[in-house]
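Quick look at data-v4.pdb (PDB, C-alpha atoms and all ligand atoms):
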```pdb
ATOM      1  CA  MET A  14      69.436 -68.005 -32.063
ATOM      2  CA  THR A  15      72.255 -65.477 -32.334
ATOM      3  CA  GLU A  16      72.875 -62.914 -35.059
ATOM      4  CA  ALA A  17      75.689 -64.758 -36.899
ATOM      5  CA  VAL A  18      73.706 -67.996 -37.027
ATOM      6  CA  ARG A  19      70.539 -66.198 -38.179
ATOM      7  CA  TYR A  20      72.657 -64.501 -40.834
ATOM      8  CA  ALA A  21      74.018 -67.824 -42.105
ATOM      9  CA  LEU A  22      70.615 -69.516 -42.078
ATOM     10  CA  ARG A  23      69.057 -66.675 -44.064
ATOM     11  CA  GLY A  24      71.484 -67.901 -46.742
ATOM     12  CA  GLY A  25      70.375 -66.149 -49.936
ATOM     13  CA  SER A  26      71.383 -62.538 -50.052
ATOM     14  CA  GLU A  27      74.099 -62.695 -47.378
ATOM     15  CA  GLY A  28      75.773 -65.754 -48.922
ATOM     16  CA  ARG A  29      75.578 -63.929 -52.231
ATOM     17  CA  GLU A  30      77.143 -60.838 -50.710
ATOM     18  CA  ARG A  31      80.163 -62.878 -49.659
ATOM     19  CA  LEU A  32      80.453 -64.444 -53.131
ATOM     20  CA  ARG A  33      80.220 -61.004 -54.758
ATOM     21  CA  VAL A  34      82.820 -59.476 -52.419
ATOM     22  CA  LEU A  35      85.111 -62.461 -52.947
ATOM     23  CA  ALA A  36      84.606 -62.213 -56.721
ATOM     24  CA  ARG A  37      85.520 -58.505 -56.752
ATOM     25  CA  VAL A  38      88.564 -59.091 -54.549
ATOM     26  CA  MET A  39      89.824 -61.983 -56.688
ATOM     27  CA  ARG A  40      88.963 -60.411 -60.054
ATOM     28  CA  PRO A  41      92.336 -58.725 -60.825
ATOM     29  CA  THR A  42      94.402 -61.866 -60.163
ATOM     30  CA  THR A  43      91.921 -64.125 -61.979
ATOM     31  CA  LEU A  44      91.967 -61.855 -65.053
ATOM     32  CA  ALA A  45      95.780 -61.813 -64.927
ATOM     33  CA  LEU A  46      95.691 -65.623 -64.850
ATOM     34  CA  PHE A  47      93.469 -65.669 -67.955
ATOM     35  CA  ASP A  48      95.977 -63.377 -69.711
ATOM     36  CA  ARG A  49      98.829 -65.621 -68.659
ATOM     37  CA  VAL A  50      97.291 -68.848 -69.996
ATOM     38  CA  GLY A  51      96.094 -67.163 -73.200
ATOM     39  CA  ILE A  52      92.299 -67.203 -72.929
ATOM     40  CA  GLY A  53      91.027 -64.997 -75.738
ATOM     41  CA  ALA A  54      88.529 -64.289 -78.496
ATOM     42  CA  GLY A  55      86.639 -67.168 -80.052
ATOM     43  CA  MET A  56      87.367 -69.762 -77.355
ATOM     44  CA  SER A  57      84.818 -72.030 -75.708
ATOM     45  CA  CYS A  58      84.988 -72.196 -71.891
ATOM     46  CA  LEU A  59      83.357 -74.231 -69.132
ATOM     47  CA  ASP A  60      83.230 -72.579 -65.677
ATOM     48  CA  VAL A  61      82.635 -75.388 -63.187
ATOM     49  CA  GLY A  62      81.041 -74.475 -59.834
ATOM     50  CA  CYS A  63      80.359 -71.024 -61.279
ATOM     51  CA  GLY A  64      78.353 -69.760 -58.271
ATOM     52  CA  GLY A  65      76.756 -66.391 -59.073
ATOM     53  CA  GLY A  66      78.500 -66.370 -62.466
ATOM     54  CA  ASP A  67      80.881 -63.428 -61.928
ATOM     55  CA  VAL A  68      83.859 -65.180 -63.534
ATOM     56  CA  THR A  69      81.644 -66.814 -66.164
ATOM     57  CA  LEU A  70      80.576 -63.356 -67.344
ATOM     58  CA  ASP A  71      84.182 -62.136 -67.371
ATOM     59  CA  LEU A  72      85.043 -65.133 -69.539
ATOM     60  CA  ALA A  73      82.094 -64.366 -71.836
ATOM     61  CA  ALA A  74      83.305 -60.780 -72.295
ATOM     62  CA  ARG A  75      86.815 -62.055 -72.988
ATOM     63  CA  VAL A  76      85.943 -64.685 -75.622
ATOM     64  CA  GLY A  77      83.543 -62.273 -77.358
ATOM     65  CA  PRO A  78      80.666 -63.011 -79.731
ATOM     66  CA  SER A  79      82.627 -65.666 -81.634
ATOM     67  CA  GLY A  80      83.264 -67.579 -78.392
ATOM     68  CA  ARG A  81      80.985 -69.417 -75.998
ATOM     69  CA  VAL A  82      80.894 -69.948 -72.227
ATOM     70  CA  VAL A  83      78.937 -72.445 -70.137
ATOM     71  CA  GLY A  84      78.643 -71.952 -66.359
ATOM     72  CA  VAL A  85      77.631 -74.976 -64.303
ATOM     73  CA  ASP A  86      76.712 -75.150 -60.642
ATOM     74  CA  VAL A  87      74.944 -77.745 -58.548
ATOM     75  CA  ASP A  88      73.107 -74.955 -56.667
ATOM     76  CA  ALA A  89      70.055 -74.046 -58.781
ATOM     77  CA  ALA A  90      69.441 -70.800 -56.825
ATOM     78  CA  LYS A  91      72.911 -69.507 -57.742
ATOM     79  CA  VAL A  92      72.377 -70.525 -61.362
ATOM     80  CA  ASP A  93      69.112 -68.519 -61.437
ATOM     81  CA  LEU A  94      70.986 -65.470 -60.152
ATOM     82  CA  ALA A  95      73.728 -65.943 -62.716
ATOM     83  CA  ARG A  96      71.145 -66.211 -65.519
ATOM     84  CA  ALA A  97      69.445 -63.006 -64.348
ATOM     85  CA  GLU A  98      72.778 -61.181 -64.248
ATOM     86  CA  ALA A  99      73.644 -62.395 -67.772
ATOM     87  CA  ALA A 100      70.245 -61.236 -69.074
ATOM     88  CA  GLU A 101      70.717 -57.837 -67.425
ATOM     89  CA  ARG A 102      74.108 -57.438 -69.098
ATOM     90  CA  GLY A 103      72.811 -58.725 -72.443
ATOM     91  CA  ALA A 104      75.459 -61.446 -72.578
ATOM     92  CA  ALA A 105      74.351 -63.614 -75.503
ATOM     93  CA  ASN A 106      77.315 -66.010 -75.650
ATOM     94  CA  VAL A 107      76.820 -67.482 -72.165
ATOM     95  CA  GLU A 108      74.630 -70.297 -70.876
ATOM     96  CA  PHE A 109      74.107 -71.471 -67.295
ATOM     97  CA  ARG A 110      73.189 -75.004 -66.268
ATOM     98  CA  ALA A 111      72.158 -76.338 -62.866
ATOM     99  CA  ALA A 112      74.044 -79.636 -62.712
ATOM    100  CA  ASP A 113      76.595 -81.623 -60.773
ATOM    101  CA  LEU A 114      80.000 -81.497 -62.410
ATOM    102  CA  ARG A 115      79.997 -85.308 -62.485
ATOM    103  CA  THR A 116      76.871 -85.484 -64.641
ATOM    104  CA  LEU A 117      77.881 -83.130 -67.444
ATOM    105  CA  ALA A 118      77.439 -84.370 -70.974
ATOM    106  CA  ASP A 119      80.676 -84.991 -72.833
ATOM    107  CA  GLU A 120      81.122 -81.786 -74.744
ATOM    108  CA  PRO A 121      84.607 -80.519 -75.555
ATOM    109  CA  PHE A 122      85.831 -77.056 -74.531
ATOM    110  CA  ASP A 123      89.033 -75.087 -75.136
ATOM    111  CA  VAL A 124      89.131 -74.132 -71.442
ATOM    112  CA  VAL A 125      87.756 -75.787 -68.309
ATOM    113  CA  TYR A 126      88.036 -73.472 -65.304
ATOM    114  CA  ALA A 127      87.184 -73.966 -61.612
ATOM    115  CA  ARG A 128      87.825 -71.559 -58.728
ATOM    116  CA  PHE A 129      87.315 -72.485 -55.065
ATOM    117  CA  VAL A 130      85.508 -75.699 -56.017
ATOM    118  CA  LEU A 131      88.032 -78.547 -55.661
ATOM    119  CA  SER A 132      88.702 -77.691 -51.985
ATOM    120  CA  HIS A 133      85.069 -78.585 -51.216
ATOM    121  CA  LEU A 134      85.043 -81.983 -52.927
ATOM    122  CA  SER A 135      85.812 -85.340 -51.304
ATOM    123  CA  ASP A 136      87.324 -86.675 -54.542
ATOM    124  CA  PRO A 137      88.963 -83.710 -56.285
ATOM    125  CA  ALA A 138      91.146 -85.984 -58.438
ATOM    126  CA  ALA A 139      88.008 -87.511 -59.997
ATOM    127  CA  ALA A 140      86.732 -83.981 -60.680
ATOM    128  CA  VAL A 141      90.014 -83.061 -62.410
ATOM    129  CA  ASP A 142      89.674 -86.232 -64.518
ATOM    130  CA  ALA A 143      86.180 -85.010 -65.488
ATOM    131  CA  PHE A 144      87.619 -81.574 -66.389
ATOM    132  CA  ARG A 145      90.223 -83.298 -68.553
ATOM    133  CA  ALA A 146      87.486 -85.344 -70.264
ATOM    134  CA  HIS A 147      85.755 -82.111 -71.302
ATOM    135  CA  LEU A 148      88.814 -80.683 -73.092
ATOM    136  CA  ARG A 149      89.390 -80.446 -76.809
ATOM    137  CA  PRO A 150      92.819 -81.649 -77.967
ATOM    138  CA  GLY A 151      95.221 -78.850 -76.959
ATOM    139  CA  GLY A 152      92.682 -77.407 -74.508
ATOM    140  CA  ILE A 153      93.607 -76.206 -71.043
ATOM    141  CA  VAL A 154      92.377 -76.858 -67.498
ATOM    142  CA  VAL A 155      92.780 -73.822 -65.208
ATOM    143  CA  VAL A 156      92.094 -74.062 -61.475
ATOM    144  CA  GLU A 157      92.477 -71.771 -58.476
ATOM    145  CA  ASP A 158      92.118 -72.887 -54.891
ATOM    146  CA  THR A 159      93.038 -72.195 -51.310
ATOM    147  CA  ASP A 160      96.032 -72.996 -49.163
ATOM    148  CA  PHE A 161      94.873 -72.150 -45.665
ATOM    149  CA  ALA A 162      98.338 -72.885 -44.259
ATOM    150  CA  GLY A 163      99.252 -69.524 -45.797
ATOM    151  CA  TYR A 164      96.358 -67.544 -44.328
ATOM    152  CA  PHE A 165      97.548 -64.714 -42.098
ATOM    153  CA  ALA A 166      96.554 -61.385 -40.640
ATOM    154  CA  HIS A 167      98.550 -58.850 -38.654
ATOM    155  CA  PRO A 168      98.684 -58.324 -35.765
ATOM    156  CA  PRO A 169      97.889 -61.928 -34.822
ATOM    157  CA  THR A 170      94.634 -62.283 -32.864
ATOM    158  CA  GLU A 171      92.951 -65.158 -31.116
ATOM    159  CA  SER A 172      89.700 -64.557 -33.040
ATOM    160  CA  PHE A 173      91.428 -64.748 -36.404
ATOM    161  CA  ASP A 174      93.192 -67.998 -35.454
ATOM    162  CA  ARG A 175      89.930 -69.466 -34.180
ATOM    163  CA  PHE A 176      88.108 -68.400 -37.382
ATOM    164  CA  VAL A 177      90.702 -70.210 -39.527
ATOM    165  CA  GLU A 178      90.510 -73.281 -37.267
ATOM    166  CA  LEU A 179      86.697 -73.409 -37.455
ATOM    167  CA  TYR A 180      86.516 -72.797 -41.212
ATOM    168  CA  CYS A 181      89.051 -75.570 -41.887
ATOM    169  CA  ALA A 182      87.230 -77.945 -39.524
ATOM    170  CA  VAL A 183      83.895 -77.346 -41.304
ATOM    171  CA  VAL A 184      85.406 -77.948 -44.751
ATOM    172  CA  ARG A 185      87.298 -81.061 -43.589
ATOM    173  CA  GLY A 186      84.192 -82.343 -41.820
ATOM    174  CA  ARG A 187      82.429 -82.354 -45.185
ATOM    175  CA  GLY A 188      85.241 -84.233 -46.899
ATOM    176  CA  GLY A 189      87.023 -81.210 -48.395
ATOM    177  CA  ASP A 190      90.599 -79.955 -48.085
ATOM    178  CA  PRO A 191      91.084 -76.217 -47.385
ATOM    179  CA  GLY A 192      94.819 -76.727 -47.993
ATOM    180  CA  ILE A 193      94.409 -78.265 -51.455
ATOM    181  CA  GLY A 194      96.244 -75.454 -53.287
ATOM    182  CA  PRO A 195      99.771 -76.933 -53.360
ATOM    183  CA  ARG A 196      98.379 -80.318 -54.494
ATOM    184  CA  LEU A 197      96.860 -78.871 -57.676
ATOM    185  CA  PRO A 198      99.844 -79.046 -60.105
ATOM    186  CA  ARG A 199     100.466 -82.741 -59.366
ATOM    187  CA  MET A 200      96.750 -83.445 -59.646
ATOM    188  CA  LEU A 201      96.685 -81.908 -63.133
ATOM    189  CA  ALA A 202      99.751 -83.917 -64.172
ATOM    190  CA  ALA A 203      98.180 -87.124 -62.791
ATOM    191  CA  ALA A 204      95.120 -86.464 -64.970
ATOM    192  CA  GLY A 205      97.365 -86.624 -68.044
ATOM    193  CA  LEU A 206      97.772 -82.898 -68.614
ATOM    194  CA  GLY A 207     101.113 -81.471 -69.787
ATOM    195  CA  GLN A 208     102.905 -78.096 -69.679
ATOM    196  CA  VAL A 209     101.690 -77.779 -66.084
ATOM    197  CA  GLY A 210     102.308 -74.374 -64.539
ATOM    198  CA  ALA A 211     101.493 -72.720 -61.244
ATOM    199  CA  ALA A 212     101.512 -69.382 -59.446
ATOM    200  CA  VAL A 213     100.546 -68.054 -56.038
ATOM    201  CA  VAL A 214      98.428 -64.973 -55.338
ATOM    202  CA  GLN A 215      97.115 -63.500 -52.102
ATOM    203  CA  PRO A 216      95.097 -60.284 -52.161
ATOM    204  CA  MET A 217      95.655 -58.415 -48.871
ATOM    205  CA  GLY A 218      95.199 -54.861 -47.660
ATOM    206  CA  THR A 219      94.856 -52.405 -44.789
ATOM    207  CA  THR A 220      91.607 -50.917 -46.147
ATOM    208  CA  GLY A 221      88.807 -51.858 -48.504
ATOM    209  CA  GLU A 222      86.562 -54.846 -48.961
ATOM    210  CA  VAL A 223      89.438 -57.330 -49.154
ATOM    211  CA  LYS A 224      89.369 -57.153 -45.343
ATOM    212  CA  ARG A 225      85.652 -57.981 -45.178
ATOM    213  CA  VAL A 226      86.174 -61.453 -46.646
ATOM    214  CA  ASN A 227      87.058 -62.861 -43.194
ATOM    215  CA  PRO A 228      83.944 -61.789 -41.230
ATOM    216  CA  LEU A 229      81.717 -62.621 -44.207
ATOM    217  CA  THR A 230      83.253 -66.088 -44.472
ATOM    218  CA  MET A 231      82.805 -66.667 -40.746
ATOM    219  CA  GLN A 232      79.139 -65.618 -41.043
ATOM    220  CA  ASN A 233      78.741 -67.887 -44.043
ATOM    221  CA  VAL A 234      79.851 -70.999 -42.150
ATOM    222  CA  ALA A 235      78.302 -69.990 -38.798
ATOM    223  CA  ALA A 236      75.319 -72.338 -39.006
ATOM    224  CA  ALA A 237      77.526 -75.266 -40.058
ATOM    225  CA  VAL A 238      80.022 -74.550 -37.260
ATOM    226  CA  VAL A 239      77.252 -74.609 -34.671
ATOM    227  CA  ALA A 240      75.457 -77.605 -36.242
ATOM    228  CA  ASP A 241      78.724 -79.585 -36.231
ATOM    229  CA  GLY A 242      79.215 -78.766 -32.530
ATOM    230  CA  LEU A 243      82.542 -77.027 -33.198
ATOM    231  CA  ALA A 244      81.656 -73.820 -31.313
ATOM    232  CA  SER A 245      78.707 -72.235 -29.573
ATOM    233  CA  ALA A 246      76.601 -69.636 -31.355
ATOM    234  CA  ALA A 247      77.763 -67.076 -28.776
ATOM    235  CA  GLU A 248      81.408 -67.762 -29.598
ATOM    236  CA  VAL A 249      80.721 -67.483 -33.333
ATOM    237  CA  ASP A 250      79.012 -64.113 -32.766
ATOM    238  CA  ARG A 251      81.999 -62.857 -30.794
ATOM    239  CA  ILE A 252      84.438 -63.953 -33.532
ATOM    240  CA  VAL A 253      82.334 -62.267 -36.244
ATOM    241  CA  ALA A 254      82.228 -59.020 -34.248
ATOM    242  CA  ASP A 255      86.012 -59.165 -33.655
ATOM    243  CA  LEU A 256      86.702 -59.825 -37.340
ATOM    244  CA  HIS A 257      84.499 -56.890 -38.393
ATOM    245  CA  ALA A 258      86.290 -54.599 -35.927
ATOM    246  CA  PHE A 259      89.664 -55.878 -37.196
ATOM    247  CA  ALA A 260      88.571 -55.200 -40.809
ATOM    248  CA  GLU A 261      87.580 -51.626 -39.988
ATOM    249  CA  ASP A 262      90.895 -50.800 -38.283
ATOM    250  CA  PRO A 263      93.255 -49.250 -40.890
ATOM    251  CA  THR A 264      96.318 -50.232 -38.873
ATOM    252  CA  THR A 265      95.658 -53.967 -39.393
ATOM    253  CA  LEU A 266      96.506 -56.125 -42.421
ATOM    254  CA  ALA A 267      94.095 -58.796 -43.656
ATOM    255  CA  GLY A 268      92.856 -60.458 -46.817
ATOM    256  CA  VAL A 269      92.146 -63.839 -48.336
ATOM    257  CA  ALA A 270      93.841 -67.197 -47.934
ATOM    258  CA  ARG A 271      96.880 -67.934 -50.067
ATOM    259  CA  VAL A 272      95.562 -69.055 -53.464
ATOM    260  CA  VAL A 273      97.369 -71.446 -55.799
ATOM    261  CA  GLN A 274      96.626 -71.028 -59.494
ATOM    262  CA  ALA A 275      97.476 -74.021 -61.680
ATOM    263  CA  TRP A 276      97.001 -74.990 -65.310
ATOM    264  CA  GLY A 277      97.781 -77.876 -67.625
ATOM    265  CA  ARG A 278      97.213 -78.638 -71.281
ATOM    266  CA  ALA A 279      95.784 -81.682 -73.065
ATOM    267  CA  PRO A 280      97.979 -83.137 -75.787
ATOM    268  CA  GLY A 281      97.274 -82.245 -79.398
TER
HETATM  269  C1  LIG A 301      83.046 -71.259 -53.056
HETATM  270  S1  LIG A 301      81.914 -71.334 -54.394
HETATM  271  C2  LIG A 301      82.897 -70.656 -55.714
HETATM  272  C3  LIG A 301      82.070 -69.986 -56.781
HETATM  273  C4  LIG A 301      82.845 -69.412 -57.964
HETATM  274  N1  LIG A 301      83.618 -70.444 -58.636
HETATM  275  C5  LIG A 301      83.743 -68.279 -57.531
HETATM  276  O1  LIG A 301      84.958 -68.464 -57.475
HETATM  277  O2  LIG A 301      83.236 -67.183 -57.241
HETATM  278  C6  LIG A 301      81.898 -73.069 -54.814
HETATM  279  C7  LIG A 301      80.800 -73.408 -55.792
HETATM  280  O3  LIG A 301      80.938 -74.766 -56.227
HETATM  281  C8  LIG A 301      79.647 -75.338 -56.362
HETATM  282  N2  LIG A 301      79.778 -76.792 -56.336
HETATM  283  C9  LIG A 301      80.181 -77.556 -55.297
HETATM  284  N3  LIG A 301      80.162 -78.868 -55.636
HETATM  285  C10 LIG A 301      79.751 -78.932 -56.932
HETATM  286  C11 LIG A 301      79.516 -80.006 -57.841
HETATM  287  N4  LIG A 301      79.714 -81.277 -57.471
HETATM  288  N5  LIG A 301      79.115 -79.719 -59.095
HETATM  289  C12 LIG A 301      78.898 -78.420 -59.454
HETATM  290  N6  LIG A 301      79.085 -77.373 -58.640
HETATM  291  C13 LIG A 301      79.506 -77.612 -57.387
HETATM  292  C14 LIG A 301      78.883 -74.740 -55.184
HETATM  293  O4  LIG A 301      77.480 -74.811 -55.353
HETATM  294  C15 LIG A 301      79.407 -73.302 -55.153
HETATM  295  O5  LIG A 301      78.606 -72.414 -55.912
END
```

Show me this structure written as structure tokens.
Ligand SMILES: C[S@@+](CC[C@H](N)C(=O)[O-])C[C@H]1O[C@@H](n2cnc3c(N)ncnc32)[C@H](O)[C@@H]1O
Amino acid sequence: MTEAVRYALRGGSEGRERLRVLARVMRPTTLALFDRVGIGAGMSCLDVGCGGGDVTLDLAARVGPSGRVVGVDVDAAKVDLARAEAAERGAANVEFRAADLRTLADEPFDVVYARFVLSHLSDPAAAVDAFRAHLRPGGIVVVEDTDFAGYFAHPPTESFDRFVELYCAVVRGRGGDPGIGPRLPRMLAAAGLGQVGAAVVQPMGTTGEVKRVNPLTMQNVAAAVVADGLASAAEVDRIVADLHAFAEDPTTLAGVARVVQAWGRAPG
């Protein structure tokens, strides 16, 4: 077994590292989105597919003691981590639940938020309908997700192109759509939401951890890539090494996929 595959199979801490890096890289644009849609003190929020709870805790800080935030994720290990982090920070207005988004009790929120979740689902429209069903009258659904057609790095390299190809193949092979971003506004409108808005963000850089997202993502999907027969473990190792070297070179430009942010409001 090669290093990248061992890394992916160890799951736990390494998968968490990628989520944490991704959360830090996305934090400024996600907080700007919350400003833009008016999330503030006293609101109740549901963070669907909350992962390690980074955004959930940002929402909890934002809504303050008079507000309330629920983070939900189907992965119980991530929910445990999120709970531990909340306890460490003394966040009293936040609750985490290990559950599938389709089995949530009907409980109305001012805000239902989901980042990088819909792209992994085989029926994202049904999920958006479920988000809509959890809104109070006048509440808002806010989603952020990838458009891999807009993923780029400079200078172009074969390893980067192959990484994007393999990542997209793994997600598609599991019924997801890594290019879901541009579909989001119409999906919100189709769910009966109004005042639909959208924006595009794409954190990039020549230095810093924004450039580490690519090798970490490749490592994260390494086991799946090999299990699906898309590439050999040796090829995956070579791509990971190339992407790390690319990230460490200050003359190169890299970052995350293009991200579409979209929001829509329930009547009332
Ligand atoms: C790429 S992570 C994103 C985590 C977090 N939203 C963020 O942006 O940092 C996707 C998360 O969605 C969760 N997820 C996937 N399908 C789900 C479902 N049906 N119900 C609840 N959570 C789900 C996964 O367990 C994973 O933690």

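Remark: for Val177 in chain A, the closest of the candidate residues A:Met231, A:Ala104, A:Val124, A:Ala143 is A:Met231 (distances computed over all atoms listed in the file).
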
### Message
Neighbouring residues of ligand LIG 301 (chain A) are defined here as those with any atom at most 10 Å from a ligand atom, counting all atoms listed in the file; list them as a VMD selection string.
### Response
chain A and resid 28 to 29 31 to 37 39 to 40 43 60 to 69 84 to 92 110 to 117 126 to 137 140 156 to 158

### Polymer residues at most 12 Å from (84.0, -60.2, -73.6) by only C-alpha atoms, as a list in words
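Those residues lying close to the given coordinates are Leu44, Ile52, Gly53, Ala54, Gly55, Met56, Val68, Thr69, Leu70, Asp71, Leu72, Ala73, Ala74, Arg75, Val76, Gly77, Pro78, Ser79, Gly80, Arg81, Val82, Arg102, Gly103, Ala104, Ala105, Asn106 and Val107 of chain A.
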
Could those selected residues go to a file with C-alpha atoms, as an mmCIF file, keeping the file's coordinate frame?
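Output (out_1.cif):
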```cif
data_model
loop_
_atom_site.group_PDB
_atom_site.id
_atom_site.type_symbol
_atom_site.label_atom_id
_atom_site.label_comp_id
_atom_site.auth_asym_id
_atom_site.auth_seq_id
_atom_site.Cartn_x
_atom_site.Cartn_y
_atom_site.Cartn_z
ATOM 1 C CA LEU A 44 91.967 -61.855 -65.053
ATOM 2 C CA ILE A 52 92.299 -67.203 -72.929
ATOM 3 C CA GLY A 53 91.027 -64.997 -75.738
ATOM 4 C CA ALA A 54 88.529 -64.289 -78.496
ATOM 5 C CA GLY A 55 86.639 -67.168 -80.052
ATOM 6 C CA MET A 56 87.367 -69.762 -77.355
ATOM 7 C CA VAL A 68 83.859 -65.180 -63.534
ATOM 8 C CA THR A 69 81.644 -66.814 -66.164
ATOM 9 C CA LEU A 70 80.576 -63.356 -67.344
ATOM 10 C CA ASP A 71 84.182 -62.136 -67.371
ATOM 11 C CA LEU A 72 85.043 -65.133 -69.539
ATOM 12 C CA ALA A 73 82.094 -64.366 -71.836
ATOM 13 C CA ALA A 74 83.305 -60.780 -72.295
ATOM 14 C CA ARG A 75 86.815 -62.055 -72.988
ATOM 15 C CA VAL A 76 85.943 -64.685 -75.622
ATOM 16 C CA GLY A 77 83.543 -62.273 -77.358
ATOM 17 C CA PRO A 78 80.666 -63.011 -79.731
ATOM 18 C CA SER A 79 82.627 -65.666 -81.634
ATOM 19 C CA GLY A 80 83.264 -67.579 -78.392
ATOM 20 C CA ARG A 81 80.985 -69.417 -75.998
ATOM 21 C CA VAL A 82 80.894 -69.948 -72.227
ATOM 22 C CA ARG A 102 74.108 -57.438 -69.098
ATOM 23 C CA GLY A 103 72.811 -58.725 -72.443
ATOM 24 C CA ALA A 104 75.459 -61.446 -72.578
ATOM 25 C CA ALA A 105 74.351 -63.614 -75.503
ATOM 26 C CA ASN A 106 77.315 -66.010 -75.650
ATOM 27 C CA VAL A 107 76.820 -67.482 -72.165
#
```

### Task
Could you jot down the CA of Arg149 in chain A to CA of Ala45 in chain A separation for me, Å, one decimal place?
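Here the two named atoms are 23.0 Å from each other.
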
Carefully work through the PyMOL selection byres (((chain A and resi 251-268) around 9) and not hetatm) for this structure and note down the residues it includes, as a tab-separated table (two decimals) with C-alpha atoms, in the coordinates of the input.
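Dumped everything to expr.tsv:
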```
chain	number	residue	atom	x	y	z
A	17	ALA	CA	75.69	-64.76	-36.90
A	38	VAL	CA	88.56	-59.09	-54.55
A	164	TYR	CA	96.36	-67.54	-44.33
A	165	PHE	CA	97.55	-64.71	-42.10
A	166	ALA	CA	96.55	-61.38	-40.64
A	167	HIS	CA	98.55	-58.85	-38.65
A	168	PRO	CA	98.68	-58.32	-35.76
A	171	GLU	CA	92.95	-65.16	-31.12
A	172	SER	CA	89.70	-64.56	-33.04
A	173	PHE	CA	91.43	-64.75	-36.40
A	175	ARG	CA	89.93	-69.47	-34.18
A	176	PHE	CA	88.11	-68.40	-37.38
A	215	GLN	CA	97.12	-63.50	-52.10
A	216	PRO	CA	95.10	-60.28	-52.16
A	217	MET	CA	95.66	-58.42	-48.87
A	218	GLY	CA	95.20	-54.86	-47.66
A	219	THR	CA	94.86	-52.40	-44.79
A	220	THR	CA	91.61	-50.92	-46.15
A	221	GLY	CA	88.81	-51.86	-48.50
A	222	GLU	CA	86.56	-54.85	-48.96
A	223	VAL	CA	89.44	-57.33	-49.15
A	224	LYS	CA	89.37	-57.15	-45.34
A	225	ARG	CA	85.65	-57.98	-45.18
A	226	VAL	CA	86.17	-61.45	-46.65
A	227	ASN	CA	87.06	-62.86	-43.19
A	228	PRO	CA	83.94	-61.79	-41.23
A	229	LEU	CA	81.72	-62.62	-44.21
A	231	MET	CA	82.80	-66.67	-40.75
A	232	GLN	CA	79.14	-65.62	-41.04
A	246	ALA	CA	76.60	-69.64	-31.36
A	247	ALA	CA	77.76	-67.08	-28.78
A	248	GLU	CA	81.41	-67.76	-29.60
A	249	VAL	CA	80.72	-67.48	-33.33
A	250	ASP	CA	79.01	-64.11	-32.77
A	269	VAL	CA	92.15	-63.84	-48.34
A	270	ALA	CA	93.84	-67.20	-47.93
```

### Summary
Taken to one decimal, the CA of Leu206 in chain A-CA of Gly152 in chain A distance is 9.5 Å

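Under the PyMOL selection byres (((chain A and resi 151) around 6) and not hetatm), the matching residues in the shown file are Pro150, Gly152, Ala279, Pro280 and Gly281 of chain A.
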
### Query
Between CA of Gly188 in chain A and CA of Ala118 in chain A, what is the distance, to one decimal in Å?
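Between CA of Gly188 in chain A and CA of Ala118 in chain A the gap is 25.3 Å.
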
### Task
Point out the residue among A:Pro191, A:Phe47, A:Ala237, A:Val184 with the least atom-to-atom distance to Val125 in chain A, counting all atoms listed in the file.
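Residue with the minimum atom-to-atom distance to Val125 in chain A: A:Phe47.
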
On this file, the PyMOL selection byres (((chain A and resi 196) around 12) and not hetatm) gives some set of residues; write that set as a short mmCIF file (atom, residue, chain, number, x, y, z; two decimals) with C-alpha atoms, in the coordinates of the input.
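In the end it all went to part23.cif:
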```
data_model
loop_
_atom_site.label_atom_id
_atom_site.label_comp_id
_atom_site.auth_asym_id
_atom_site.auth_seq_id
_atom_site.Cartn_x
_atom_site.Cartn_y
_atom_site.Cartn_z
CA LEU A 131 88.03 -78.55 -55.66
CA SER A 132 88.70 -77.69 -51.98
CA PRO A 137 88.96 -83.71 -56.28
CA ALA A 138 91.15 -85.98 -58.44
CA VAL A 141 90.01 -83.06 -62.41
CA VAL A 156 92.09 -74.06 -61.48
CA GLU A 157 92.48 -71.77 -58.48
CA ASP A 158 92.12 -72.89 -54.89
CA THR A 159 93.04 -72.19 -51.31
CA ASP A 160 96.03 -73.00 -49.16
CA ASP A 190 90.60 -79.96 -48.08
CA PRO A 191 91.08 -76.22 -47.38
CA GLY A 192 94.82 -76.73 -47.99
CA ILE A 193 94.41 -78.26 -51.46
CA GLY A 194 96.24 -75.45 -53.29
CA PRO A 195 99.77 -76.93 -53.36
CA LEU A 197 96.86 -78.87 -57.68
CA PRO A 198 99.84 -79.05 -60.10
CA ARG A 199 100.47 -82.74 -59.37
CA MET A 200 96.75 -83.44 -59.65
CA LEU A 201 96.68 -81.91 -63.13
CA ALA A 202 99.75 -83.92 -64.17
CA ALA A 203 98.18 -87.12 -62.79
CA ALA A 211 101.49 -72.72 -61.24
CA VAL A 272 95.56 -69.06 -53.46
CA VAL A 273 97.37 -71.45 -55.80
CA GLN A 274 96.63 -71.03 -59.49
CA ALA A 275 97.48 -74.02 -61.68
#
```

Go ahead and fit an axis-aligned box to every listed atom of range 277-281 of chain A plus 6 Å each side, and pass me the centre and edge lengths in Å, one decimal, as lines of an AutoDock Vina configuration file.
```
center_x = 96.9
center_y = -80.5
center_z = -73.5
size_x = 14.2
size_y = 17.3
size_z = 23.8
```

### Task
Using all atoms listed in the file, pick whichever of A:Arg271, A:Gly163, A:Gly277, A:Ala100 has the shortest atom-to-atom distance to Val213 in chain A.
A:Arg271

#### Entry: Which residue of A:Arg96, A:Asp142, A:Leu179, A:Leu59 approaches Pro121 in chain A most closely, using only C-alpha atoms
A:Leu59
